file final_39.txt (compact mmCIF, C-alpha atoms and all ligand atoms)
# COMPACT_ATOMS: atom_id res chain seq x y z
CA MET A 79 56.46 205.12 -33.10
CA GLU A 80 53.22 204.80 -35.13
CA ILE A 81 51.15 205.26 -31.98
CA GLN A 82 52.94 208.47 -30.98
CA ALA A 83 52.48 210.03 -34.45
CA ASN A 84 48.70 209.55 -34.48
CA LYS A 85 48.36 210.55 -30.82
CA LYS A 86 50.07 213.86 -31.62
CA ARG A 87 47.75 214.40 -34.59
CA TYR A 88 44.59 213.74 -32.54
CA ASN A 89 45.80 215.88 -29.66
CA SER A 90 45.33 218.82 -31.99
CA THR A 91 41.60 218.02 -32.31
CA VAL A 92 39.42 221.12 -31.99
CA TYR A 93 35.67 221.36 -31.66
CA ASP A 94 33.72 220.67 -34.85
CA PRO A 95 29.95 220.02 -35.04
CA ARG A 96 30.71 216.93 -37.18
CA ILE A 97 32.21 215.20 -34.14
CA ASP A 98 29.50 216.41 -31.73
CA TYR A 99 26.76 213.82 -31.20
CA SER A 100 24.28 216.52 -30.20
CA GLN A 101 24.60 218.20 -33.62
CA THR A 102 22.89 216.85 -36.73
CA GLU A 103 26.11 217.48 -38.70
CA SER A 104 27.61 214.42 -36.93
CA HIS A 105 24.81 211.98 -37.75
CA PHE A 106 26.19 210.95 -41.16
CA ALA A 107 28.87 209.00 -39.28
CA PHE A 108 26.62 206.63 -37.38
CA LEU A 109 23.22 206.51 -39.13
CA PRO A 110 24.27 203.74 -41.59
CA ILE A 111 25.34 201.34 -38.81
CA LYS A 112 22.67 202.28 -36.26
CA PRO A 113 20.37 199.37 -37.24
CA TYR A 114 23.15 196.80 -36.65
CA LEU A 115 23.92 198.23 -33.21
CA GLU A 116 20.21 198.30 -32.35
CA SER A 117 20.02 194.56 -33.01
CA ILE A 118 22.78 193.92 -30.42
CA ILE A 119 22.18 196.54 -27.73
CA ALA A 120 19.62 195.73 -25.04
CA PRO A 121 19.07 197.91 -21.95
CA GLY A 122 22.00 197.68 -19.55
CA VAL A 123 24.49 196.22 -22.05
CA ARG A 124 28.03 197.21 -21.03
CA ALA A 125 29.49 198.76 -24.18
CA LEU A 126 33.02 199.91 -24.99
CA ASP A 127 33.77 202.40 -27.79
CA LEU A 128 37.40 201.90 -28.91
CA GLY A 129 39.03 205.06 -30.32
CA CYS A 130 35.98 207.07 -29.24
CA ASN A 131 37.34 210.55 -30.10
CA ALA A 132 34.61 213.05 -29.05
CA GLY A 133 32.20 210.18 -28.32
CA ARG A 134 29.83 210.15 -31.30
CA PHE A 135 29.35 206.38 -31.03
CA THR A 136 29.58 206.28 -27.21
CA PHE A 137 26.61 208.65 -26.84
CA LEU A 138 24.71 206.76 -29.54
CA MET A 139 25.09 203.48 -27.61
CA GLU A 140 23.98 205.16 -24.38
CA GLU A 141 20.88 206.49 -26.10
CA MET A 142 20.12 202.90 -27.15
CA GLY A 143 20.21 201.82 -23.50
CA ALA A 144 23.84 200.78 -23.03
CA LYS A 145 26.11 201.67 -20.13
CA ALA A 146 28.76 203.12 -22.41
CA VAL A 147 32.47 203.75 -21.93
CA GLY A 148 34.70 205.44 -24.50
CA VAL A 149 38.45 204.95 -24.62
CA ASP A 150 40.94 207.03 -26.59
CA PHE A 151 44.67 207.71 -26.23
CA ALA A 152 44.35 211.40 -27.15
CA SER A 153 43.31 213.80 -24.40
CA ALA A 154 42.04 216.66 -26.63
CA PRO A 155 39.00 214.83 -28.11
CA LEU A 156 38.22 213.36 -24.68
CA ARG A 157 37.97 216.87 -23.23
CA ILE A 158 35.41 217.68 -25.92
CA ALA A 159 33.56 214.39 -25.20
CA ARG A 160 33.32 215.19 -21.47
CA ARG A 161 32.00 218.68 -22.21
CA ILE A 162 29.32 217.24 -24.52
CA ALA A 163 28.46 214.63 -21.85
CA GLU A 164 27.88 217.40 -19.33
CA GLN A 165 25.65 219.32 -21.75
CA LEU A 166 23.65 216.17 -22.52
CA GLY A 167 23.41 215.02 -18.89
CA SER A 168 25.04 211.78 -20.06
CA GLN A 169 26.45 209.06 -17.78
CA CYS A 170 29.03 207.97 -20.40
CA GLN A 171 32.53 207.50 -19.01
CA PHE A 172 35.58 208.56 -21.02
CA VAL A 173 38.93 206.92 -20.28
CA GLU A 174 42.30 208.08 -21.61
CA ALA A 175 44.22 204.92 -22.50
CA SER A 176 45.66 202.98 -25.40
CA MET A 177 43.38 200.30 -26.77
CA LEU A 178 46.50 198.12 -26.89
CA ASP A 179 46.61 198.10 -23.09
CA LEU A 180 42.99 198.28 -21.95
CA PRO A 181 42.73 199.21 -18.24
CA PHE A 182 39.65 197.07 -17.52
CA GLU A 183 39.02 193.80 -15.67
CA ASP A 184 38.35 190.65 -17.66
CA ARG A 185 34.68 190.24 -18.74
CA SER A 186 33.94 193.96 -18.09
CA PHE A 187 31.98 194.44 -21.34
CA ASP A 188 29.29 192.73 -23.41
CA LEU A 189 30.05 194.70 -26.56
CA ALA A 190 33.07 196.51 -27.99
CA ILE A 191 32.99 198.57 -31.17
CA LEU A 192 35.77 199.94 -33.37
CA PRO A 193 34.10 202.22 -35.92
CA LYS A 194 36.27 204.05 -38.46
CA VAL A 195 39.51 203.25 -36.61
CA ILE A 196 41.07 200.01 -37.89
CA ILE A 197 42.91 201.88 -40.64
CA GLU A 198 45.06 203.45 -37.87
CA LEU A 199 46.10 200.09 -36.36
CA SER A 200 49.00 197.96 -37.57
CA TYR A 201 48.36 194.27 -38.19
CA GLN A 202 50.18 193.37 -34.94
CA ASP A 203 48.14 196.00 -33.01
CA PHE A 204 44.82 194.64 -34.28
CA ASP A 205 45.88 191.10 -33.39
CA LEU A 206 46.77 192.27 -29.86
CA LEU A 207 43.46 194.14 -29.55
CA CYS A 208 41.43 191.07 -30.56
CA GLN A 209 43.40 188.92 -28.13
CA GLN A 210 42.58 191.36 -25.30
CA LEU A 211 38.91 191.51 -26.30
CA SER A 212 38.63 187.73 -26.07
CA ARG A 213 39.24 188.26 -22.32
CA LYS A 214 37.70 191.70 -21.64
CA LEU A 215 34.35 190.70 -23.20
CA SER A 216 31.82 188.42 -21.53
CA PRO A 217 31.26 184.93 -23.00
CA HIS A 218 29.33 185.45 -26.28
CA GLY A 219 30.15 189.17 -26.03
CA HIS A 220 30.26 191.03 -29.36
CA PHE A 221 33.07 192.84 -31.11
CA CYS A 222 32.03 194.93 -34.15
CA PHE A 223 34.09 197.07 -36.47
CA THR A 224 33.78 198.93 -39.74
CA LEU A 225 36.31 199.13 -42.52
CA ARG A 226 36.85 200.03 -46.14
CA ASP A 227 38.70 197.48 -48.23
CA ALA A 228 41.95 199.14 -49.34
CA LEU A 229 42.20 197.02 -52.49
CA ARG A 230 38.97 198.61 -53.68
CA ARG A 231 40.26 202.08 -52.80
CA ILE A 232 43.57 201.68 -54.52
CA ASP A 233 44.39 204.29 -57.14
CA ASN A 234 41.14 206.16 -56.61
CA ASP A 235 41.26 207.27 -53.01
CA HIS A 236 43.58 207.05 -49.99
CA PHE A 237 46.03 204.38 -51.17
CA THR A 238 47.96 204.26 -54.40
CA ALA A 239 50.07 201.34 -55.54
CA ASP A 240 53.33 202.86 -54.32
CA SER A 241 52.10 204.90 -51.34
CA TYR A 242 52.50 202.24 -48.66
CA GLN A 243 55.28 199.94 -47.44
CA ALA A 244 54.71 196.46 -48.81
CA SER A 245 56.26 194.70 -45.82
CA THR A 246 54.20 196.44 -43.10
CA GLY A 247 51.18 197.94 -44.89
CA LEU A 248 52.09 201.37 -43.42
CA LYS A 249 51.39 204.60 -45.27
CA VAL A 250 52.77 207.83 -43.78
CA SER A 251 50.89 211.00 -44.74
CA LEU A 252 51.71 214.55 -43.70
CA HIS A 253 48.96 216.76 -42.31
CA ASP A 254 49.42 220.50 -41.94
CA LEU A 255 47.65 221.50 -38.72
CA PRO A 256 46.92 225.04 -37.57
CA ASP A 257 49.33 226.24 -34.80
CA ILE A 258 51.32 222.97 -34.96
CA GLY A 259 52.54 222.60 -38.51
CA LEU A 260 53.27 219.33 -40.26
CA VAL A 261 52.48 216.14 -38.37
CA GLU A 262 52.61 212.55 -39.56
CA TYR A 263 49.44 210.48 -39.88
CA HIS A 264 49.97 206.72 -40.01
CA THR A 265 47.49 204.38 -41.69
CA TYR A 266 47.61 200.77 -42.84
CA PHE A 267 46.49 198.89 -45.91
CA TRP A 268 43.57 196.83 -44.58
CA THR A 269 41.43 194.42 -46.54
CA VAL A 270 38.25 192.73 -45.30
CA ALA A 271 39.80 189.29 -45.79
CA TYR A 272 42.90 190.14 -43.75
CA ALA A 273 40.93 191.77 -40.90
CA LYS A 274 38.66 188.71 -40.73
CA THR A 275 41.63 186.35 -40.73
CA ILE A 276 43.30 188.17 -37.81
CA ALA A 277 40.14 188.62 -35.71
CA SER A 278 39.21 184.96 -36.29
CA ARG A 279 42.36 183.89 -34.44
CA TRP A 280 40.63 184.97 -31.20
CA LEU A 281 36.92 185.45 -31.98
CA GLU A 282 34.23 183.92 -34.18
CA CYS A 283 32.84 185.84 -37.16
CA VAL A 284 29.00 185.90 -37.07
CA ASN A 285 28.08 188.67 -39.49
CA GLU A 286 29.58 190.55 -42.43
CA ILE A 287 27.62 193.21 -44.28
CA GLU A 288 28.55 195.66 -47.04
CA PHE A 289 26.19 198.40 -45.88
CA ALA A 290 27.33 200.91 -48.53
CA PRO A 291 29.67 200.53 -51.50
CA ASN A 292 32.96 199.37 -49.94
CA ASP A 293 31.80 200.10 -46.38
CA TYR A 294 31.81 196.92 -44.32
CA TRP A 295 30.36 196.01 -40.94
CA LEU A 296 31.92 192.96 -39.30
CA GLU A 297 30.58 191.27 -36.21
CA PHE A 298 32.44 188.76 -34.04
CA ILE A 299 31.58 186.98 -30.79
CA VAL A 300 33.66 185.45 -28.04
CA PRO A 301 33.46 181.71 -28.70
CA GLU A 302 32.54 179.13 -25.98
C1 LIG A 401 39.22 208.33 -37.10
S1 LIG A 401 39.03 208.69 -35.39
C2 LIG A 401 37.47 207.84 -35.18
C3 LIG A 401 36.74 208.26 -33.98
C4 LIG A 401 35.36 207.69 -33.71
N1 LIG A 401 35.27 206.26 -33.82
C5 LIG A 401 34.32 208.38 -34.54
O1 LIG A 401 34.01 207.89 -35.63
O2 LIG A 401 33.88 209.44 -34.11
C6 LIG A 401 40.17 207.55 -34.59
C7 LIG A 401 40.30 207.74 -33.10
O3 LIG A 401 41.00 206.60 -32.57
C8 LIG A 401 41.96 207.04 -31.63
N2 LIG A 401 43.03 206.03 -31.58
C9 LIG A 401 43.83 205.63 -32.60
N3 LIG A 401 44.67 204.66 -32.19
C10 LIG A 401 44.42 204.46 -30.86
C11 LIG A 401 44.96 203.60 -29.87
N4 LIG A 401 45.98 202.76 -30.16
N5 LIG A 401 44.46 203.64 -28.61
C12 LIG A 401 43.44 204.51 -28.30
N6 LIG A 401 42.88 205.36 -29.21
C13 LIG A 401 43.36 205.33 -30.47
C14 LIG A 401 42.41 208.40 -32.14
O4 LIG A 401 42.93 209.20 -31.11
C15 LIG A 401 41.10 208.96 -32.71
O5 LIG A 401 40.41 209.73 -31.76
call {"tool": "encode", "arguments": {"input": "final_39.txt", "output": "structure tokens", "more": "lines below"}}
Ligand SMILES: C[S@@+](CC[C@H](N)C(=O)[O-])C[C@H]1O[C@@H](n2cnc3c(N)ncnc32)[C@H](O)[C@@H]1O
result
Amino acid sequence: MEIQANKKRYNSTVYDPRIDYSQTESHFAFLPIKPYLESIIAPGVRALDLGCNAGRFTFLMEEMGAKAVGVDFASAPLRIARRIAEQLGSQCQFVEASMLDLPFEDRSFDLAILPKVIIELSYQDFDLLCQQLSRKLSPHGHFCFTLRDALRRIDNDHFTADSYQASTGLKVSLHDLPDIGLVEYHTYFWTVAYAKTIASRWLECVNEIEFAPNDYWLEFIVPE
């Protein structure tokens, strides 16, 4: 139910220079975390971009030397990503699939990233994703994600005290999209502590950085 709502919303994605890696308008999204990725990515690293949209982070990882694959369940942004790949002469692969059912062999990747996406996953979905990553990543492979702590956003930004369901963390917003009309957008009340607790069930936390006010970078590895 939640998955279908957000898939519909992202299938209305249209071209915008802010999602196009080749345009400087998109750089704001990845410049702050570029140094952390650079410290992990060595030439030939097999990298997976979860919820890649038009591939901003997929192309970035390729430029750093990775063999990069982007996965997204919405076809519209993937069409844009493939067009950009052609223009750039990129080898990035873009796969249409849910990150809750990753169509890859075990140990296929050395690094998986989830930038700016966790807010769209339920607590059960994130748990399932981390469980899968503990198998899809190589031993000592990295899983990195960004998030904003919802407790620090409450009453001044996306969440307000009564805007989400207490028992699930779900907030349903309505977005008015051109040609489509009103569609639901589902997000969840995530805190750093809760994300760490869930990911630590399957992976080991090795780094946690607040790189900007209330913008966190968390780094996990597959334990021995
Ligand atoms: C906020 S956008 C972030 C995109 C990208 N990380 C970036 O910053 O350019 C979230 C993306 O995740 C995708 N997504 C959300 N839930 C997903 C799921 N369960 N499986 C695959 N893709 C998903 C959406 O389609 C959307 O393209």
call {"tool": "axis_aligned_box", "arguments": {"input": "final_39.txt", "around": "ligand LIG 401 (chain A)", "padding_each_side": "3 Å", "output": "JSON"}}
result
{"center_x": 39.9, "center_y": 206.2, "center_z": -32.7, "size_x": 18.1, "size_y": 13.0, "size_z": 14.8}
call {"tool": "closest_atom_pairs", "arguments": {"input": "final_39.txt", "of": "chain A", "to": "ligand LIG 401 (chain A)", "cutoff": "7 Å", "atoms": "only C-alpha atoms and all ligand atoms", "output": "JSON lines"}}
result
{"residue": "A:Ile81", "atom": "CA", "partner": "A:LIG401", "partner_atom": "N4", "distance": 6.0}
{"residue": "A:Asn84", "atom": "CA", "partner": "A:LIG401", "partner_atom": "C9", "distance": 6.5}
{"residue": "A:Lys85", "atom": "CA", "partner": "A:LIG401", "partner_atom": "O4", "distance": 5.6}
{"residue": "A:Tyr88", "atom": "CA", "partner": "A:LIG401", "partner_atom": "O4", "distance": 5.0}
{"residue": "A:Ile97", "atom": "CA", "partner": "A:LIG401", "partner_atom": "O2", "distance": 6.0}
{"residue": "A:Ala107", "atom": "CA", "partner": "A:LIG401", "partner_atom": "O1", "distance": 6.4}
{"residue": "A:Leu128", "atom": "CA", "partner": "A:LIG401", "partner_atom": "N6", "distance": 6.5}
{"residue": "A:Gly129", "atom": "CA", "partner": "A:LIG401", "partner_atom": "O3", "distance": 3.4}
{"residue": "A:Cys130", "atom": "CA", "partner": "A:LIG401", "partner_atom": "C4", "distance": 4.6}
{"residue": "A:Asn131", "atom": "CA", "partner": "A:LIG401", "partner_atom": "O5", "distance": 3.6}
{"residue": "A:Ala132", "atom": "CA", "partner": "A:LIG401", "partner_atom": "O2", "distance": 6.3}
{"residue": "A:Gly133", "atom": "CA", "partner": "A:LIG401", "partner_atom": "O2", "distance": 6.1}
{"residue": "A:Arg134", "atom": "CA", "partner": "A:LIG401", "partner_atom": "O2", "distance": 5.0}
{"residue": "A:Phe135", "atom": "CA", "partner": "A:LIG401", "partner_atom": "O2", "distance": 6.3}
{"residue": "A:Val149", "atom": "CA", "partner": "A:LIG401", "partner_atom": "C12", "distance": 6.2}
{"residue": "A:Asp150", "atom": "CA", "partner": "A:LIG401", "partner_atom": "N6", "distance": 3.7}
{"residue": "A:Phe151", "atom": "CA", "partner": "A:LIG401", "partner_atom": "C12", "distance": 4.0}
{"residue": "A:Ala152", "atom": "CA", "partner": "A:LIG401", "partner_atom": "O4", "distance": 4.7}
{"residue": "A:Pro155", "atom": "CA", "partner": "A:LIG401", "partner_atom": "O5", "distance": 6.4}
{"residue": "A:Ala175", "atom": "CA", "partner": "A:LIG401", "partner_atom": "C12", "distance": 5.9}
{"residue": "A:Ser176", "atom": "CA", "partner": "A:LIG401", "partner_atom": "N5", "distance": 3.5}
{"residue": "A:Met177", "atom": "CA", "partner": "A:LIG401", "partner_atom": "N5", "distance": 4.0}
{"residue": "A:Leu178", "atom": "CA", "partner": "A:LIG401", "partner_atom": "N4", "distance": 5.7}
{"residue": "A:Leu192", "atom": "CA", "partner": "A:LIG401", "partner_atom": "N1", "distance": 6.4}
{"residue": "A:Pro193", "atom": "CA", "partner": "A:LIG401", "partner_atom": "N1", "distance": 4.7}
{"residue": "A:Lys194", "atom": "CA", "partner": "A:LIG401", "partner_atom": "C2", "distance": 5.2}
{"residue": "A:Val195", "atom": "CA", "partner": "A:LIG401", "partner_atom": "C6", "distance": 4.8}
{"residue": "A:Glu198", "atom": "CA", "partner": "A:LIG401", "partner_atom": "N3", "distance": 5.8}
{"residue": "A:Leu199", "atom": "CA", "partner": "A:LIG401", "partner_atom": "N3", "distance": 6.3}
call {"tool": "closest_residue", "arguments": {"input": "final_39.txt", "among": "A:Ala163, A:Val123, A:Ile232, A:Ala146", "to": "Thr269 (chain A)", "atoms": "all atoms listed in the file"}}
result
A:Ile232
call {"tool": "closest_residue", "arguments": {"input": "final_39.txt", "among": "A:Asn292, A:Ala154, A:Leu225, A:Glu282", "to": "Tyr93 (chain A)", "atoms": "only C-alpha atoms"}}
result
A:Ala154
call {"tool": "closest_residue", "arguments": {"input": "final_39.txt", "among": "A:Asp233, A:Asp179, A:Asp94, A:Asp254", "to": "Cys208 (chain A)", "atoms": "all atoms listed in the file"}}
result
A:Asp179
call {"tool": "closest_residue", "arguments": {"input": "final_39.txt", "among": "A:Gly143, A:Gly148, A:Thr91, A:Tyr201", "to": "Glu116 (chain A)", "atoms": "only C-alpha atoms"}}
result
A:Gly143
call {"tool": "closest_residue", "arguments": {"input": "final_39.txt", "among": "A:Gln202, A:Ser100, A:Ser90, A:Gln209", "to": "Ser153 (chain A)", "atoms": "only C-alpha atoms"}}
result
A:Ser90
call {"tool": "atom_distance", "arguments": {"input": "final_39.txt", "atom1": "CA of Ile119 (chain A)", "atom2": "CA of Ser168 (chain A)"}}
result
17.3 Å
call {"tool": "closest_residue", "arguments": {"input": "final_39.txt", "among": "A:Cys170, A:His218, A:His264, A:Ser212", "to": "Ile197 (chain A)", "atoms": "all atoms listed in the file"}}
result
A:His264
call {"tool": "decode", "arguments": {"input": "final_39.txt", "residues": "region 251-288 of chain A", "atoms": "N, CA and C atoms", "output": "PDB file, in the first residue's frame"}}
result
ATOM      1  N   SER A 251       1.016  12.563   3.083  1.00  0.00           N
ATOM      2  CA  SER A 251       0.853  13.925   2.554  1.00  0.00           C
ATOM      3  C   SER A 251       0.192  13.819   1.185  1.00  0.00           C
ATOM      4  N   LEU A 252      -0.431  14.901   0.752  1.00  0.00           N
ATOM      5  CA  LEU A 252      -1.024  14.916  -0.594  1.00  0.00           C
ATOM      6  C   LEU A 252      -0.227  15.863  -1.470  1.00  0.00           C
ATOM      7  N   HIS A 253       0.189  15.368  -2.633  1.00  0.00           N
ATOM      8  CA  HIS A 253       0.918  16.216  -3.577  1.00  0.00           C
ATOM      9  C   HIS A 253       0.056  16.412  -4.819  1.00  0.00           C
ATOM     10  N   ASP A 254      -0.018  17.640  -5.281  1.00  0.00           N
ATOM     11  CA  ASP A 254      -0.804  17.942  -6.472  1.00  0.00           C
ATOM     12  C   ASP A 254       0.143  17.972  -7.672  1.00  0.00           C
ATOM     13  N   LEU A 255       0.054  16.955  -8.530  1.00  0.00           N
ATOM     14  CA  LEU A 255       1.011  16.840  -9.630  1.00  0.00           C
ATOM     15  C   LEU A 255       0.371  17.220 -10.961  1.00  0.00           C
ATOM     16  N   PRO A 256       1.138  17.916 -11.797  1.00  0.00           N
ATOM     17  CA  PRO A 256       0.586  18.323 -13.095  1.00  0.00           C
ATOM     18  C   PRO A 256       0.131  17.101 -13.901  1.00  0.00           C
ATOM     19  N   ASP A 257      -0.990  17.177 -14.567  1.00  0.00           N
ATOM     20  CA  ASP A 257      -1.564  16.112 -15.414  1.00  0.00           C
ATOM     21  C   ASP A 257      -2.106  14.908 -14.636  1.00  0.00           C
ATOM     22  N   ILE A 258      -1.797  14.784 -13.360  1.00  0.00           N
ATOM     23  CA  ILE A 258      -2.207  13.597 -12.607  1.00  0.00           C
ATOM     24  C   ILE A 258      -3.192  13.946 -11.507  1.00  0.00           C
ATOM     25  N   GLY A 259      -2.958  15.088 -10.882  1.00  0.00           N
ATOM     26  CA  GLY A 259      -3.820  15.497  -9.771  1.00  0.00           C
ATOM     27  C   GLY A 259      -3.207  15.103  -8.438  1.00  0.00           C
ATOM     28  N   LEU A 260      -4.076  14.862  -7.468  1.00  0.00           N
ATOM     29  CA  LEU A 260      -3.593  14.601  -6.111  1.00  0.00           C
ATOM     30  C   LEU A 260      -3.084  13.171  -5.976  1.00  0.00           C
ATOM     31  N   VAL A 261      -1.868  13.029  -5.480  1.00  0.00           N
ATOM     32  CA  VAL A 261      -1.364  11.679  -5.164  1.00  0.00           C
ATOM     33  C   VAL A 261      -0.813  11.698  -3.746  1.00  0.00           C
ATOM     34  N   GLU A 262      -0.884  10.527  -3.109  1.00  0.00           N
ATOM     35  CA  GLU A 262      -0.370  10.422  -1.744  1.00  0.00           C
ATOM     36  C   GLU A 262       1.140  10.271  -1.751  1.00  0.00           C
ATOM     37  N   TYR A 263       1.783  10.834  -0.749  1.00  0.00           N
ATOM     38  CA  TYR A 263       3.222  10.641  -0.544  1.00  0.00           C
ATOM     39  C   TYR A 263       3.385  10.157   0.891  1.00  0.00           C
ATOM     40  N   HIS A 264       4.001   8.973   1.049  1.00  0.00           N
ATOM     41  CA  HIS A 264       4.107   8.361   2.372  1.00  0.00           C
ATOM     42  C   HIS A 264       5.522   8.490   2.929  1.00  0.00           C
ATOM     43  N   THR A 265       5.624   9.047   4.120  1.00  0.00           N
ATOM     44  CA  THR A 265       6.933   9.155   4.780  1.00  0.00           C
ATOM     45  C   THR A 265       6.796   8.663   6.220  1.00  0.00           C
ATOM     46  N   TYR A 266       7.939   8.426   6.841  1.00  0.00           N
ATOM     47  CA  TYR A 266       7.948   7.855   8.194  1.00  0.00           C
ATOM     48  C   TYR A 266       8.805   8.692   9.131  1.00  0.00           C
ATOM     49  N   PHE A 267       8.437   8.647  10.373  1.00  0.00           N
ATOM     50  CA  PHE A 267       9.110   9.411  11.429  1.00  0.00           C
ATOM     51  C   PHE A 267      10.380   8.656  11.853  1.00  0.00           C
ATOM     52  N   TRP A 268      11.506   9.039  11.265  1.00  0.00           N
ATOM     53  CA  TRP A 268      12.769   8.353  11.561  1.00  0.00           C
ATOM     54  C   TRP A 268      13.629   9.187  12.503  1.00  0.00           C
ATOM     55  N   THR A 269      14.240   8.509  13.466  1.00  0.00           N
ATOM     56  CA  THR A 269      15.267   9.177  14.272  1.00  0.00           C
ATOM     57  C   THR A 269      16.581   8.437  14.045  1.00  0.00           C
ATOM     58  N   VAL A 270      17.685   9.121  14.315  1.00  0.00           N
ATOM     59  CA  VAL A 270      19.004   8.492  14.155  1.00  0.00           C
ATOM     60  C   VAL A 270      19.095   7.251  15.038  1.00  0.00           C
ATOM     61  N   ALA A 271      18.647   7.389  16.283  1.00  0.00           N
ATOM     62  CA  ALA A 271      18.774   6.278  17.239  1.00  0.00           C
ATOM     63  C   ALA A 271      17.999   5.052  16.743  1.00  0.00           C
ATOM     64  N   TYR A 272      16.797   5.280  16.197  1.00  0.00           N
ATOM     65  CA  TYR A 272      15.995   4.133  15.773  1.00  0.00           C
ATOM     66  C   TYR A 272      16.593   3.479  14.517  1.00  0.00           C
ATOM     67  N   ALA A 273      17.066   4.303  13.576  1.00  0.00           N
ATOM     68  CA  ALA A 273      17.694   3.738  12.365  1.00  0.00           C
ATOM     69  C   ALA A 273      18.928   2.917  12.747  1.00  0.00           C
ATOM     70  N   LYS A 274      19.721   3.432  13.669  1.00  0.00           N
ATOM     71  CA  LYS A 274      20.925   2.703  14.108  1.00  0.00           C
ATOM     72  C   LYS A 274      20.549   1.389  14.777  1.00  0.00           C
ATOM     73  N   THR A 275      19.497   1.436  15.582  1.00  0.00           N
ATOM     74  CA  THR A 275      19.076   0.223  16.309  1.00  0.00           C
ATOM     75  C   THR A 275      18.636  -0.859  15.322  1.00  0.00           C
ATOM     76  N   ILE A 276      17.880  -0.471  14.297  1.00  0.00           N
ATOM     77  CA  ILE A 276      17.403  -1.468  13.323  1.00  0.00           C
ATOM     78  C   ILE A 276      18.569  -1.995  12.485  1.00  0.00           C
ATOM     79  N   ALA A 277      19.392  -1.086  11.936  1.00  0.00           N
ATOM     80  CA  ALA A 277      20.501  -1.546  11.073  1.00  0.00           C
ATOM     81  C   ALA A 277      21.471  -2.421  11.857  1.00  0.00           C
ATOM     82  N   SER A 278      21.635  -2.133  13.160  1.00  0.00           N
ATOM     83  CA  SER A 278      22.590  -2.889  13.974  1.00  0.00           C
ATOM     84  C   SER A 278      22.128  -4.319  14.246  1.00  0.00           C
ATOM     85  N   ARG A 279      20.884  -4.639  13.922  1.00  0.00           N
ATOM     86  CA  ARG A 279      20.436  -6.036  14.037  1.00  0.00           C
ATOM     87  C   ARG A 279      21.159  -6.922  13.032  1.00  0.00           C
ATOM     88  N   TRP A 280      21.610  -6.325  11.904  1.00  0.00           N
ATOM     89  CA  TRP A 280      22.197  -7.111  10.813  1.00  0.00           C
ATOM     90  C   TRP A 280      23.625  -6.695  10.487  1.00  0.00           C
ATOM     91  N   LEU A 281      23.983  -5.462  10.811  1.00  0.00           N
ATOM     92  CA  LEU A 281      25.262  -4.881  10.377  1.00  0.00           C
ATOM     93  C   LEU A 281      25.905  -4.167  11.567  1.00  0.00           C
ATOM     94  N   GLU A 282      27.184  -3.800  11.388  1.00  0.00           N
ATOM     95  CA  GLU A 282      27.892  -3.165  12.508  1.00  0.00           C
ATOM     96  C   GLU A 282      28.146  -1.688  12.189  1.00  0.00           C
ATOM     97  N   CYS A 283      27.749  -0.812  13.096  1.00  0.00           N
ATOM     98  CA  CYS A 283      27.926   0.631  12.868  1.00  0.00           C
ATOM     99  C   CYS A 283      29.402   1.002  13.051  1.00  0.00           C
ATOM    100  N   VAL A 284      29.999   1.658  12.029  1.00  0.00           N
ATOM    101  CA  VAL A 284      31.422   2.028  12.135  1.00  0.00           C
ATOM    102  C   VAL A 284      31.639   3.538  12.058  1.00  0.00           C
ATOM    103  N   ASN A 285      30.630   4.289  11.689  1.00  0.00           N
ATOM    104  CA  ASN A 285      30.818   5.735  11.577  1.00  0.00           C
ATOM    105  C   ASN A 285      29.467   6.441  11.647  1.00  0.00           C
ATOM    106  N   GLU A 286      29.466   7.593  12.329  1.00  0.00           N
ATOM    107  CA  GLU A 286      28.233   8.390  12.415  1.00  0.00           C
ATOM    108  C   GLU A 286      28.666   9.849  12.478  1.00  0.00           C
ATOM    109  N   ILE A 287      28.242  10.624  11.479  1.00  0.00           N
ATOM    110  CA  ILE A 287      28.715  12.009  11.381  1.00  0.00           C
ATOM    111  C   ILE A 287      27.520  12.928  11.156  1.00  0.00           C
ATOM    112  N   GLU A 288      27.472  14.032  11.894  1.00  0.00           N
ATOM    113  CA  GLU A 288      26.473  15.074  11.595  1.00  0.00           C
ATOM    114  C   GLU A 288      27.195  16.072  10.690  1.00  0.00           C
TER     115      GLU A 288
END
